[in-house]
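Chemist: The structure under discussion is supplied below as structure tokens; questions concerning it will follow.
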Amino acid sequence: MARRATLLLALLLLAAGAAWLLLREPERPPVAARLSVATVLETSPEAGFARALAPRGFAFPADHGPHPGFRTEWWYFTGNLEAAGGRRFGYQLTFFRNALAPGAVARASRWGAREAWLAHFALTDVEGRRFHAFERFRRGALGLAGAEAAPFRVWLDRWEASGAPFPLTLRAAAGEVALDLRLARGKPPVLQGEDGLSRKGAAPGQASYYYSLTRMPTTGRLRLAGEDLPVRGLSWMDREWSTSSLSPGQVGWDWFALQLADGRELMLYRMRLEDGIDPASAGSLVAADGGKRHLARGDFAVAALTRWRSPAGGSYPARWRVRVPSAGLDLEIRPLVADQEHRGVFRYWEGAVAARGTSGGAPIAGRGYVELTGYTDTAKEIR
Amino acid sequence: MTPLLRRSGLRHLARHPWQAGLSVLGVALGVAVVVAIDLANASAQRAFTLSTEAVVGRTTHQATGGPGGLPEETYRRLVLAAGIDEAAPVVEDWVTVEAATKAAGKAASDSPRVLHLLGVDPFAEAPFRPYLGPGAAGTDVSALLTRPGAAVLAAGTARELGLVPGGSFTILAAGQRRRVELVGVLEPDDETAGRALADLLVVDVATAQELLGRVGRLNRIDLRLPDGAAGAELLARARRALPPGATVAPAGARAARTEEMTRAFRVNLTALSLLALICGVFLIYNAMTFSVVQRRTLLGTLRALGVTRGEVFALVLGEALAVGLAGSLLGLAAGVLLGRGLVGLVAQTINDLYFVLAVRELAVPPAVLVKGALLGTAATLLAALAPAHEATSAPPRAVLIRSSLESAARRALPRAAALGLALLALGALLLAVPGTLLVSFAGLFGLFLGAALLTPGATVLLMRLLRPAAGALFGLLGRMAAGGVVAALSRTGVAVAALVVAVSVAVGVGTMIDSFRGTVRRWLDASLGADLYVVAAGRPGAPLDPALAARAAALPGVSRVDAIRQAEVPSERGPLRVLAVDLDPRGRRSFELRQGRPAAAWRAVAAGRGVLISEPLASRWDLGVGSRLRVSSPAGERVLAVAGVFYDYASEQGAALMALPHYRRLWGDPFLSGFSLYLAPGADEEAVERALRRAAGPDRALAINPNRELRRRSLEVFDRTFRITAVLRLLAGLVAFIGVLSALMALQLERARELAVLRAHGLTRGQLWRLVTAQTGLLGLAAGLLSLPLGLALAAAMVHVVNRRSFGWTVRLDLAPEVFFQPLALALGAALLAGLYPAWRMARTPPAEALREE
């Protein structure tokens with residue numbers, strides 16, 4: 001009797017539980033439907049902006065500052081550092097300016113912005129085999145992000161590069177990584193391409209103004225997961241501004257910047273076409289005294305030796321043989337850590353590398369950075 | 001239980017379908033009302049959660065300022081100086097889409113489409129509102145950022161408004177007509193996202209500042225701070241970066257507070273819905289008792305044959321369970337249907353009283369259904385306990401005797417009466433002692449149960465009193481009718497009790513609403529003294545340019561202007577609504593003080609030394625004359641001294657009234673929320689209104705209401721607020737009516753044999769009709785007489801206790817003369833109506849057939 005009642009009650013509860021389970025609402029997914037700022041850096045039309053059509057005179061420190069007439073511009077710092085005991089690190093701190101629309105329109109609100117800023121900060125911990133990468137966006141308004149020529153300063157939030165202009169100070173912190181570096185002058189600016197006009201394709205205006213600071217002795221401190229390490233090494237800065245983007249046939253580029261132990265620097269870029277390499281690809285070899293030799297497409301050869309598969313899909317070349325026969329250079333370039341892929345809004349590989357080979361038959365080593373874009377189909381690249 | 005017994009129980013139910021049906025219906029209605037209210041509440045809450053979620057996103061903390069918001073410089077300081085990486089500025093408000101741009105074919109009478117203008121910085125959004133941040137391909141953000149007036153909507157909302165990207169429309173934002181261009185649409189990934197985004201008009205933060213006329217200010221800054229020590233350190237840094245008067249609080253706090261605002265309202269609704277279930281429980285009790293009595297022979301025989309008490313107990317409970325389950329299931333279905341109707345009423349009330357909330361649909365959380373089913377079944381089982389006990393407690397032989405039940409019922413009278421008195425006293429005590437709202441409702445239910453338990457005894461007394469009168473009026477039949485009521489007390493007592501509860505609910509709630517309405521009307525009469533009232537069109541409380549009030553004062557025909565600013569400021573006790581007024585001394589007449597000496601109080605207010613607080617605020621925060629309230633303002637922490645308490649029915653949250661210059665000094669907010677115009681004698685209202693609109697210019701959208709219009713609208717809102725209460729009252733009445741019907745049918749059918757004997761002895765059909773009608777009339781009369789005091793007690797308790805504890809208002813109990821006749825008329829009407837069918841059936845049944853029964 002009582003057992004029956006208990007059984008009935010149990011059944012009732014069971015039924016209620018089953019109903020609960022059946023009718024329970026599914027876990028609510030986060031509200032989704034996107035308004036993407038990635039588009040900001042892709043879609044603004046070229047009309048109304050200045051173009052890089054002919055060589056121009058460069059003036060410093062004014063040209064360290066922004067060139068608002070052009071659509072895109074970047075300050076690209078990379079470097080290889082070493083802490084006491086030989087621990088090696090690579091770093092990257094880059095600032096991108098991207099105009100949203102040409103000209104200026106008066107807005108009542110100070111938030112009214114014509115420029116979007118993007119910054120990437122990355123640290124490669126060679127020993128720890130870790131790559132820490134961070135990405136940040138800002139509008140160029142309210143002093144949240146911007147660039148100034150004198151005294152030199154480019155910043156986004158608290159990430160910044162500043163100086164008058166030397167020694168340059170780089171500061172950035174995110175997550176468990178912080179960087180505070182002093183960059184000395186080193187060699188004078190190298191005007192890449194034809195007196196600073198660097199062609200990226202055959203069409204007129206498909207070029208940028210491009211100069212580099214190829215060897216800046218660097219000292220400073222690095223904080224990683226609570227450890228505070230004094231570091232020293234060499235930095236490289238690339239400065240480019242332009243209005244053109246990749247031409248229809250171009251899918252991406254490979255860029256190499258190497259600081260050789262003998263005091264020379266090698267810079268190469270290959271604009272990749274769907275079926276080959278664009279003849280506009282070029283490079284430069286900077287002598288120990290700062291003298292620059294232009295390298296045309298035919299002056300160098302790059303061969304990828306292996307590939308690395310990204311956990312996010314797609315694969316990148318991972319080891320190269322680079323030859324510059326006219327300079328007697330034959331180098332093998334190897335990433336210090338395989339995975340140095342930025343997987344933010346834009347996917348690309350930008351990493352510290354080591355070079356080893358021969359120069360005129362004598363052994364030579366070097367360090368540097370390599371950038372690979374256009375290898376994944378998920379996002380377009382910016383540079 | 002053996003299968004045989006179970007079959008016997010089921011067969012009994014099947015052979016008395018009307019009885020089972022009415023029981024099921026009673027449970028179903030009770031459950032339906034409870035479920036419907038629960039669902040309506042849940043839907044409103046869900047809509048609130050969804051809209052909050054869309055706006056709050058993954059924010060952990062929010063920095064807010066006073067009424068003027070935060071200076072945008074604060075954002076810079078948080079990011080650059082304090083180093084808070086994840087911080088997002090927000091500028092927001094409710095705006096109205098101007099009707100002209102609505103899709104063709106929509107009725108002009110549609111209420112205007114209200115959208116939540118959300119101004120954000122897409123670059124800072126990624127960690128907060130994923131639908132706005134960087135991510136997969138989407139809308140053209142360049143246009144959103146660089147084109148003034150650019151906005152995006154959810155695709156569905158754009159369609160609803162008949163807009164395509166590239167199109168433009170006009171909104172009323174902060175009292176101004178503004179042109180907005182749709183530069184893209186958001187395609188929600190799923191339905192939930194769609195609902196959450198449906199009311200958002202997303203713009204860049206710069207655009208929002210410009211559209212809302214709030215350049216340089218932010219409404220708030222959303223922060224994402226990590227847990228633990230790192231988060232605490234960042235929080236401390238953020239606090240240091242804030243200007244005086246600004247605060248950082250966990251993001252949930254705001255939502256929780258908003259929900260807290262509607263709690264009293266929801267509790268009141270739930271309590272009312274439970275009343276309907278209580279009426280249903282009476283019905284079950286009645287039906288189960290009857291079914292036990294009807295089978296007394298069978299049950300007695302079973303017991304005599306050796307069926308145990310436990311088995312009989314289980315048999316009765318099993319039947320109750322079947323009825324309860326069937327009724328509950330039916331009630332769930334009906335509740336969902338009813339909920340669809342009620343959700344609109346609940347949402348309307350929330351919109352009228354609390355905040356803008358778009359409830360698009362009925363949410364049906366399974367928990368509500370499970371709760372409703374369990375409540376219905378449990379209530380049914382509970383109601384069946386007494387009959388089941390009755391069926392098993394008596395010795396088998398006694399169960400066989402029909403009269404044993406009645407004598408047991410009469411024997412139980414003193415005990416029931418004593419228990420009833422005790423419950424009444426307990427209820428009164430709970431209502432009298434200060435306590436929470438729930439305690440008050442417990443007291444109210446105590447009153448009900450006590451009154452219900454007293455009803456049978458009172459009915460017996462009443463019948464004794466009425467018997468001579470009935471005899472004088474209807475002769476023997478009248479006396480027989482009165483005697484019959486007492487003789488079948490176990491039946492009639494319950495029927496009368498159910499009727500008493502229902503009628504007193506109807507009378508009590510009605511009286512409460514009428515009293516409330518009367519109080520509000522008197523208050524409106526006293527406080528609305530001006531001729532014209534001016535506010536920004538669209539969202540009430542949107543800021544108005546103070547220059548407009550000055551221009552209005554200079555118009556011909558205007559004798560004086562009173563200005564008011566309503567704002568919310570942070571205080572030690574939570575957000576405080578402030579009414580900052582610039583009153584001519586004559587305007588002070590609009591405020592009647594409940595506490596404090598008017599002359600001194602107004603002097604203190606005018607000098608900026610003190611504030612007046614409204615009655616609900618005094619009750620909510622337990623403040624009075626002499627109390628002090630600490631508020632934070634950009635000028636720093638300030639203490640407001642309470643100089644008086646005034647009657648106010650405009651807001652249940654309550655407000656503090658202070659002088660406008662005092663307010664401006666503290667919060668530096670120059671805007672007005674509205675102003676009122678007093679016209680010179682003989683001035684033409686419409687001419688002044690036209691002149692004012694001209695002075696305001698074409699882009700400013702003003703709502704100008706003449707005094708009578710405002711009064712009418714205020715009462716309209718009031719009536720709308722109580723519409724749902726009226727619906728509930730009706731439903732409770734319906735359940736009780738079914739209860740009476742079922743009780744009377746049971747009674748008459750049970751007496752079939754007795755009446756047949758009377759018929760066989762020569763009672764005519766007409767006489768039978770009269771006998772039955774007289775009896776039901778007597779029941780109704782008893783119920784009517786008994787429900788008058790209970791109804792009045794209920795009204796008094798609701799007005800003086802529940803209302804005061806829920807909202808803190810003083811309401812004068814108005815007793816309309818008809819209140820004294822209404823319960824009688826209601827009860828008599830219901831009883832006579834319910835008696836029609838049983839009387840007709842009895843009269844129709846040939847005596848021989850009735851005599852043959854059983």
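In the structure tokens, chains take letters A, B, ... by order of appearance, with residues numbered from 1 within each chain and ligands from 1 in the order shown.
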Give the strand (DSSP E) residues of stretch 541-649 of chain B, as DSSP finds them on the backbone, and put them as a ChimeraX atom specification.

Modeler: /B:558-571,574-582,593-595,610-614,628-633,636-646

Chemist: Would you mind listing what lies within 6 Å of A:Glu73 as a VMD selection string, with only C-alpha atoms counted and same-chain residues fewer than 4 positions away left out?

Modeler: chain A and resid 96 to 97 240 to 241

Chemist: Using only C-alpha atoms, which residues sit within 6 Å of stretch 712-728 of chain B once same-chain residues fewer than 3 positions away are excluded, as number ranges by chain?

Modeler: B: 349, 709, 731

Chemist: Limited to N, CA and C atoms, could you put the picked residues into a file as a PDB file, in the first residue's frame?

Modeler:
```pdb
ATOM      1  N   THR B 349       2.443  47.189 -17.682  1.00  0.00           N
ATOM      2  CA  THR B 349       2.582  47.767 -16.350  1.00  0.00           C
ATOM      3  C   THR B 349       4.040  48.088 -16.051  1.00  0.00           C
ATOM      4  N   GLU B 709      -5.465  66.823 -20.017  1.00  0.00           N
ATOM      5  CA  GLU B 709      -4.937  65.705 -20.780  1.00  0.00           C
ATOM      6  C   GLU B 709      -3.977  64.888 -19.909  1.00  0.00           C
ATOM      7  N   LEU B 731     -10.984  35.809 -12.505  1.00  0.00           N
ATOM      8  CA  LEU B 731     -10.662  34.386 -12.587  1.00  0.00           C
ATOM      9  C   LEU B 731     -10.902  33.690 -11.259  1.00  0.00           C
TER      10      LEU B 731
END
```

Chemist: So which one's closest to chain B, A:Leu191, A:Ala141, A:Ala59, A:Ala52? Using only C-alpha atoms, please.

Modeler: A:Ala141

Chemist: So that I can see what lies close to A:Leu183, please list as a PyMOL selection string the residues with an atom at most 7 Å from it, counting only C-alpha atoms and leaving out residues fewer than 4 positions away in the same chain.

Modeler: chain A and resi 167-169+216-219

Chemist: Could you please take those selected residues and save N, CA and C atoms as a PDB file, in the first residue's frame?

Modeler:
```pdb
ATOM      1  N   PRO A 167      68.006  58.165 -27.853  1.00  0.00           N
ATOM      2  CA  PRO A 167      67.659  56.734 -27.921  1.00  0.00           C
ATOM      3  C   PRO A 167      66.148  56.551 -27.942  1.00  0.00           C
ATOM      4  N   LEU A 168      65.715  55.591 -28.741  1.00  0.00           N
ATOM      5  CA  LEU A 168      64.295  55.272 -28.837  1.00  0.00           C
ATOM      6  C   LEU A 168      63.894  54.417 -27.639  1.00  0.00           C
ATOM      7  N   THR A 169      62.733  54.716 -27.090  1.00  0.00           N
ATOM      8  CA  THR A 169      62.227  53.885 -26.012  1.00  0.00           C
ATOM      9  C   THR A 169      61.023  53.093 -26.516  1.00  0.00           C
ATOM     10  N   MET A 216      69.946  48.634 -34.679  1.00  0.00           N
ATOM     11  CA  MET A 216      69.921  49.518 -33.511  1.00  0.00           C
ATOM     12  C   MET A 216      70.298  48.712 -32.286  1.00  0.00           C
ATOM     13  N   PRO A 217      71.480  48.986 -31.714  1.00  0.00           N
ATOM     14  CA  PRO A 217      71.885  48.273 -30.493  1.00  0.00           C
ATOM     15  C   PRO A 217      70.854  48.526 -29.408  1.00  0.00           C
ATOM     16  N   THR A 218      70.450  47.457 -28.773  1.00  0.00           N
ATOM     17  CA  THR A 218      69.301  47.535 -27.871  1.00  0.00           C
ATOM     18  C   THR A 218      69.647  47.009 -26.490  1.00  0.00           C
ATOM     19  N   THR A 219      69.215  47.737 -25.460  1.00  0.00           N
ATOM     20  CA  THR A 219      69.324  47.239 -24.090  1.00  0.00           C
ATOM     21  C   THR A 219      67.989  47.487 -23.406  1.00  0.00           C
TER      22      THR A 219
END
```

Chemist: Show me, as a list in words, the residues that have an atom within 6 Å of stretch 223-237 of chain A when counting only C-alpha atoms, minus same-chain residues fewer than 3 positions from it.

Modeler: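 My reading of the contact set: Tyr76, Phe77, Thr78, Gly79, Asn80, Leu81, Glu82, Ala83, Glu176, Val177, Ala178, Ser212, Leu213, Thr214, Arg215, Met216, Pro217, Thr218, Thr219 and Gly220 of chain A.
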
Chemist: Write out the residues from the selection above, keeping C-alpha atoms, as an mmCIF file, in the first residue's frame.

Modeler:
```cif
data_model
loop_
_atom_site.group_PDB
_atom_site.id
_atom_site.type_symbol
_atom_site.label_atom_id
_atom_site.label_comp_id
_atom_site.auth_asym_id
_atom_site.auth_seq_id
_atom_site.Cartn_x
_atom_site.Cartn_y
_atom_site.Cartn_z
ATOM 1 C CA TYR A 76 57.543 48.001 -37.469
ATOM 2 C CA PHE A 77 59.991 47.128 -34.709
ATOM 3 C CA THR A 78 61.502 43.664 -34.500
ATOM 4 C CA GLY A 79 64.571 42.425 -32.728
ATOM 5 C CA ASN A 80 66.544 39.560 -31.278
ATOM 6 C CA LEU A 81 67.471 39.831 -27.613
ATOM 7 C CA GLU A 82 69.600 37.862 -25.228
ATOM 8 C CA ALA A 83 69.364 37.703 -21.450
ATOM 9 C CA GLU A 176 52.377 38.211 -18.434
ATOM 10 C CA VAL A 177 54.751 39.896 -20.849
ATOM 11 C CA ALA A 178 56.272 43.358 -20.586
ATOM 12 C CA SER A 212 64.640 51.064 -42.492
ATOM 13 C CA LEU A 213 66.777 51.430 -39.411
ATOM 14 C CA THR A 214 68.570 48.157 -39.795
ATOM 15 C CA ARG A 215 70.828 47.840 -36.784
ATOM 16 C CA MET A 216 69.921 49.518 -33.511
ATOM 17 C CA PRO A 217 71.885 48.273 -30.493
ATOM 18 C CA THR A 218 69.301 47.535 -27.871
ATOM 19 C CA THR A 219 69.324 47.239 -24.090
ATOM 20 C CA GLY A 220 66.530 47.054 -21.604
#
```

Chemist: What gap, in Å, lies between atom CA of A:Phe131 and atom CA of A:Gly344?

Modeler: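 For atom CA of A:Phe131 relative to atom CA of A:Gly344, the distance reads 13.2 Å.
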
Chemist: Can you pull out every residue within 7 Å of B:Leu593, counting only C-alpha atoms, but drop anything in the same chain fewer than 5 positions away, and send it as a list of chain:residue names?

Modeler: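 The filter keeps B:Pro598, B:Gly644, B:Val645, B:Phe646, B:Tyr647.
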
Chemist: Output N, CA and C atoms of each residue in that selection to a file, as a JSON list (two decimals), in the first residue's frame.

Modeler:
```
[["chain", "number", "residue", "atom", "x", "y", "z"],
["B", 598, "PRO", "N", 5.55, 72.75, 6.85],
["B", 598, "PRO", "CA", 5.75, 73.24, 5.48],
["B", 598, "PRO", "C", 6.66, 74.47, 5.41],
["B", 644, "GLY", "N", 11.37, 67.19, 5.18],
["B", 644, "GLY", "CA", 9.95, 66.87, 5.15],
["B", 644, "GLY", "C", 9.69, 65.65, 4.29],
["B", 645, "VAL", "N", 8.50, 65.09, 4.48],
["B", 645, "VAL", "CA", 8.08, 63.94, 3.67],
["B", 645, "VAL", "C", 6.80, 64.35, 2.97],
["B", 646, "PHE", "N", 6.76, 64.17, 1.66],
["B", 646, "PHE", "CA", 5.54, 64.59, 0.95],
["B", 646, "PHE", "C", 4.84, 63.40, 0.30],
["B", 647, "TYR", "N", 3.52, 63.58, 0.13],
["B", 647, "TYR", "CA", 2.72, 62.55, -0.53],
["B", 647, "TYR", "C", 3.07, 62.56, -2.01]]
```
